[in-house]
Structures are given as structure tokens and as C-alpha cells.
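File shown: structure_26.tsv. Contents: TSV, C-alpha atoms.
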```
chain	number	residue	atom	x	y	z
A	1	MET	CA	-1.61	7.06	-12.19
A	2	GLN	CA	1.83	5.48	-11.99
A	3	VAL	CA	2.05	1.91	-10.62
A	4	TYR	CA	5.10	1.03	-8.52
A	5	LEU	CA	5.93	-2.50	-7.38
A	6	TYR	CA	8.54	-2.87	-4.65
A	7	ALA	CA	10.71	-5.99	-4.53
A	8	ARG	CA	12.96	-6.38	-1.53
A	9	SER	CA	16.25	-7.63	-2.93
A	10	GLY	CA	19.93	-7.88	-2.16
A	11	HIS	CA	22.83	-10.26	-1.59
A	12	SER	CA	21.52	-11.73	1.65
A	13	ILE	CA	17.88	-11.76	0.51
A	14	GLY	CA	18.06	-13.15	-3.02
A	15	LEU	CA	15.86	-12.56	-6.04
A	16	GLU	CA	12.62	-14.36	-5.14
A	17	ALA	CA	10.71	-11.13	-4.43
A	18	THR	CA	12.07	-9.64	-7.66
A	19	LYS	CA	10.83	-12.65	-9.64
A	20	ARG	CA	7.37	-12.46	-8.02
A	21	CYS	CA	7.07	-8.73	-8.63
A	22	ALA	CA	8.24	-9.16	-12.22
A	23	THR	CA	5.41	-11.66	-12.76
A	24	ILE	CA	2.92	-9.16	-11.36
A	25	ALA	CA	4.45	-6.31	-13.40
A	26	ASN	CA	4.13	-8.34	-16.58
A	27	ALA	CA	0.49	-9.08	-15.74
A	28	LEU	CA	-0.07	-5.34	-15.28
A	29	LYS	CA	2.00	-4.22	-18.27
A	30	GLU	CA	-0.88	-2.10	-19.63
A	31	PHE	CA	-0.24	0.26	-16.68
A	32	GLU	CA	3.50	0.48	-17.43
A	33	PRO	CA	4.51	-0.41	-13.86
A	34	VAL	CA	7.89	0.54	-12.44
A	35	LEU	CA	9.71	-2.20	-10.54
A	36	CYS	CA	11.46	-0.74	-7.49
A	37	THR	CA	14.32	-2.79	-6.10
A	38	SER	CA	16.64	-2.19	-3.18
A	39	ASP	CA	19.54	-3.46	-5.27
A	40	PHE	CA	20.44	-2.09	-8.73
A	41	ARG	CA	21.55	-5.50	-10.00
A	42	ALA	CA	18.14	-7.01	-9.19
A	43	GLY	CA	16.49	-4.42	-11.43
A	44	ALA	CA	18.95	-5.09	-14.24
A	45	PHE	CA	18.33	-8.83	-13.85
A	46	ALA	CA	14.56	-8.25	-14.06
A	47	LYS	CA	14.94	-6.13	-17.19
A	48	ASP	CA	17.34	-8.48	-18.93
A	49	LEU	CA	15.75	-11.81	-18.05
A	50	LEU	CA	12.21	-11.27	-16.77
A	51	GLY	CA	10.72	-8.84	-19.30
A	52	ILE	CA	10.58	-5.74	-17.08
A	53	LYS	CA	10.43	-2.51	-19.07
A	54	LYS	CA	11.09	0.02	-16.28
A	55	TYR	CA	12.92	-0.36	-13.01
A	56	VAL	CA	14.50	1.93	-10.46
A	57	ASN	CA	16.71	1.43	-7.43
A	58	THR	CA	14.76	2.68	-4.39
A	59	ASP	CA	17.70	4.82	-3.37
A	60	VAL	CA	16.85	6.92	-6.44
A	61	ILE	CA	13.20	7.58	-5.54
A	62	ASP	CA	13.22	10.79	-3.57
A	63	GLU	CA	10.96	11.59	-0.68
A	64	GLU	CA	8.96	14.15	-2.68
A	65	GLU	CA	8.01	11.58	-5.31
A	66	TYR	CA	7.03	9.11	-2.58
A	67	VAL	CA	4.83	11.71	-0.85
A	68	GLN	CA	3.16	12.65	-4.16
A	69	THR	CA	2.46	8.99	-4.87
A	70	ILE	CA	0.84	8.50	-1.46
A	71	GLN	CA	-1.15	11.73	-1.75
A	72	ASN	CA	-2.39	10.98	-5.26
A	73	SER	CA	-3.33	7.31	-4.79
A	74	LYS	CA	-7.00	7.23	-3.79
A	75	HIS	CA	-6.85	3.45	-3.39
A	76	LEU	CA	-3.51	1.94	-2.45
A	77	LEU	CA	-2.54	-1.69	-1.92
A	78	THR	CA	0.47	-1.72	0.38
A	79	ALA	CA	2.29	-4.21	2.58
A	80	SER	CA	3.51	-1.40	4.85
A	81	LEU	CA	1.35	-0.37	7.78
A	82	GLN	CA	3.24	2.95	7.93
A	83	THR	CA	2.40	3.66	4.29
A	84	ALA	CA	-1.25	2.76	4.95
A	85	LEU	CA	-1.34	5.26	7.83
A	86	GLU	CA	0.26	7.94	5.65
A	87	SER	CA	-2.35	7.27	2.96
A	88	ILE	CA	-5.20	7.55	5.49
A	89	SER	CA	-3.79	10.84	6.77
A	90	CYS	CA	-3.98	12.15	3.18
A	91	GLY	CA	-7.68	11.24	3.04
A	92	ASN	CA	-7.16	8.19	0.85
A	93	LYS	CA	-8.30	4.59	1.22
A	94	PRO	CA	-5.46	2.07	1.53
A	95	VAL	CA	-5.75	-1.70	1.75
A	96	LEU	CA	-3.09	-3.53	3.74
A	97	PHE	CA	-1.63	-6.59	2.03
A	98	LYS	CA	-0.39	-8.76	4.89
A	99	ARG	CA	2.76	-10.59	3.89
A	100	GLU	CA	3.70	-13.79	5.68
A	101	ASP	CA	7.27	-12.62	6.25
A	102	LYS	CA	6.22	-9.46	8.13
A	103	THR	CA	4.66	-8.86	11.50
A	104	TYR	CA	1.97	-6.23	11.92
A	105	ASP	CA	0.44	-4.31	14.80
A	106	GLU	CA	-2.84	-6.23	14.71
A	107	GLU	CA	-4.27	-4.19	17.58
A	108	LEU	CA	-3.76	-0.93	15.66
A	109	ILE	CA	-5.12	-2.41	12.42
A	110	SER	CA	-8.22	-3.60	14.25
A	111	MET	CA	-8.66	-0.38	16.23
A	112	LEU	CA	-8.55	1.73	13.05
A	113	ASN	CA	-10.53	-0.82	11.00
A	114	ILE	CA	-7.95	-0.86	8.19
A	115	PRO	CA	-9.03	-3.40	5.57
A	116	SER	CA	-6.50	-6.11	4.75
A	117	ILE	CA	-5.85	-8.98	2.36
A	118	ASN	CA	-4.08	-12.22	3.32
A	119	SER	CA	-4.14	-14.19	0.06
A	120	LYS	CA	-1.18	-15.72	-1.80
A	121	ASN	CA	-3.03	-15.98	-5.12
A	122	PHE	CA	-2.65	-12.93	-7.37
A	123	ASP	CA	-6.14	-13.25	-8.91
A	124	ASN	CA	-7.69	-13.51	-5.44
A	125	ILE	CA	-5.73	-10.47	-4.27
A	126	VAL	CA	-7.03	-8.42	-7.19
A	127	LYS	CA	-10.62	-9.58	-6.61
A	128	GLU	CA	-10.44	-8.89	-2.86
A	129	PHE	CA	-8.87	-5.46	-3.48
A	130	GLU	CA	-11.60	-4.51	-5.96
A	131	ASN	CA	-14.29	-5.70	-3.55
A	132	ILE	CA	-12.79	-3.77	-0.65
A	133	ILE	CA	-12.48	-0.50	-2.56
A	134	GLN	CA	-16.11	-0.82	-3.74
A	135	ASN	CA	-17.29	-1.27	-0.13
A	136	TYR	CA	-14.56	0.56	1.74
A	137	PRO	CA	-15.10	0.45	5.52
A	138	LYS	CA	-15.11	3.53	7.72
A	139	ILE	CA	-11.72	4.13	9.29
A	140	LYS	CA	-12.17	4.53	13.04
A	141	ASN	CA	-10.27	6.42	15.71
A	142	PHE	CA	-7.86	8.11	13.30
A	143	ASN	CA	-7.05	11.70	14.15
A	144	ASN	CA	-4.50	13.94	12.54
A	145	ILE	CA	-2.72	15.79	15.30
A	146	ASP	CA	-1.78	19.44	15.04
A	147	LEU	CA	1.93	19.50	15.79
A	148	GLU	CA	2.36	23.28	15.52
A	149	ASN	CA	2.73	23.81	19.30
A	150	ILE	CA	5.25	20.99	19.58
A	151	THR	CA	7.31	22.16	16.60
A	152	ASN	CA	7.25	25.76	17.87
A	153	THR	CA	8.53	24.58	21.27
A	154	ILE	CA	11.31	22.56	19.63
A	155	LYS	CA	12.26	25.49	17.39
A	156	ALA	CA	12.41	27.81	20.42
A	157	GLU	CA	14.66	25.33	22.25
A	158	ILE	CA	16.96	25.05	19.22
A	159	ASP	CA	17.08	28.83	18.85
A	160	GLY	CA	17.96	29.13	22.55
A	161	TYR	CA	20.72	26.55	22.19
A	162	ASN	CA	22.07	28.29	19.07
A	163	ARG	CA	22.17	31.62	20.94
A	164	LEU	CA	24.01	30.03	23.87
A	165	SER	CA	26.54	28.27	21.67
A	166	ALA	CA	27.07	31.43	19.56
A	167	ASN	CA	28.31	33.25	22.69
A	168	TYR	CA	31.29	30.89	23.06
```

Spell out the structure here as C-alpha cells.
Amino acid sequence: MQVYLYARSGHSIGLEATKRCATIANALKEFEPVLCTSDFRAGAFAKDLLGIKKYVNTDVIDEEEYVQTIQNSKHLLTASLQTALESISCGNKPVLFKREDKTYDEELISMLNIPSINSKNFDNIVKEFENIIQNYPKIKNFNNIDLENITNTIKAEIDGYNRLSANY
């Protein structure tokens, strides 16, 4: 399993998230984590000054690799509610790490019974994550919807439009 750590970075954001993720990456070095940054220079900074072995600019990670990561991660710690929902739809068991700088749809999290962690302490986060995955709660009210009828209707509309515009 490949471990990816995402650090939001950039000119207007700074390097604090990169520094925090580099600390976590160094603590998890046995897993050879890849630091993902939204700014190439932040990754180079982390490699040169913070001991990071592997980094990648998130513009480089393609959608297929992202989907494979979500599909193949039985237990996933993520700060993105969307990623947690994608993981659940793949039959996996995500844990939502609630960051202080983000807002979440608490009603949806509660309705689906998605487990979450609110700690700032890395050791506590790891302990809580391990406890949650050992006693993972039942996800409620989550249904994958068959979109075939909708996509067929859209395709038919597009085909009709293409036929109309081809006549001109």
C-alpha cells in the first residue's frame, strides 16, 4: 500500500502544512510516504530541508491513480468528506479527520454515521484511527445510485443536438 500525505501549499498559503506533513512523513518513513503538494517549490523545499524522500506536485497525480488509491485503501484517513464518500462507495472504511480550517456537512456525516477524529496530537490521531478501524461502525443510509437511465437520457439529448447541428 502506498501512503500519500497531502500538504496544501502555495504563495498565499505558506509552508506550514508542508512542514507538518513532512514531520508526519518522517515519522512514517518505514512506509515510504509520498508528500503531495499543490506547489512544486514546496515539495522541493521539503526534500531539501525537511528530509522528505519522495514528493509530487498534485497536478502530476492523474485521476486514474487517485481512483486506484481510493479503491485499494480498505481503511483511509482523509480530511475530505468527498474522498470519504468515494471510499464508502468503493466498499471501504474511511475515517474523516476533521481539520480546524475546514467546514464539514455535519448533518451528512451524522446521517451516514461516518467516524471522525478531531485531535491535534499525532499520537492521539493514530490511536483513535486504529481504534476506529478495529470497531468500525455501520455506515447508514448510503446507497449507490444507478445512473444508467440518466446517462442514457443525456447521451440521447447530445446525439439529438449533434444531429441537428450537423444539418447546418

Between A:Lys155, A:Tyr4, A:Ala46, A:Ile125, which one has atoms that come closest to Ile70 (chain A), using only C-alpha atoms?
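Comparing A:Lys155, A:Tyr4, A:Ala46, A:Ile125 against Ile70 (chain A), the winner is A:Tyr4.
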
Any idea what the distance is between CA of Ser87 (chain A) and CA of Leu112 (chain A)?
13.1 Å

Which one of A:Lys102, A:Lys29, A:Arg163, A:Lys93 sits closest to Leu5 (chain A) if you count only C-alpha atoms?
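Looking only at the distances to Leu5 (chain A), the closest residue turns out to be A:Lys29.
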
Rank A:Ala79, A:Val34, A:Ile117, A:Ala42 by their smallest atom-to-atom distance to Asp101 (chain A), using all atoms listed in the file, and report the top residue only.
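Closest residue, counting all atoms listed in the file: A:Ala79.
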
Using only C-alpha atoms, which of the listed residues (A:Gly160, A:Pro115, A:Gly51, A:Gly43) sits closest to Thr78 (chain A)?
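Among A:Gly160, A:Pro115, A:Gly51, A:Gly43, it is A:Pro115 that comes nearest to Thr78 (chain A).
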
For CA of Leu76 (chain A) and CA of Lys120 (chain A), determine how far apart the two atoms are, in Å to one decimal place.
17.8 Å

Find the spatial neighbours of region 131-147 of chain A, counting only C-alpha atoms, within a cut-off of 10 Å - ignore same-chain residues fewer than 2 positions away - and output them as a PyMOL selection string.
chain A and resi 74-76+85+88-90+93-95+108-117+125-129+149-153

Do you have the CA of Ile13 (chain A)-CA of Phe40 (chain A) distance handy?
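Straight-line distance from CA of Ile13 (chain A) to CA of Phe40 (chain A) works out to 13.6 Å.
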
For each of A:Asn92, A:Gln2, A:Ser9, A:Asn124, take the minimum atom-to-atom distance to Lys54 (chain A), counting only C-alpha atoms, then give the residue where this is smallest.
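Looking at the shortest contact to Lys54 (chain A), the residue is A:Gln2.
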
At a cut-off of 12 Å, using only C-alpha atoms, what residues contact Gly14 (chain A)? Leave out same-chain residues fewer than 5 positions from it and give the result as a VMD selection string.
chain A and resid 7 to 9 19 to 20 37 to 39 41 to 42 45
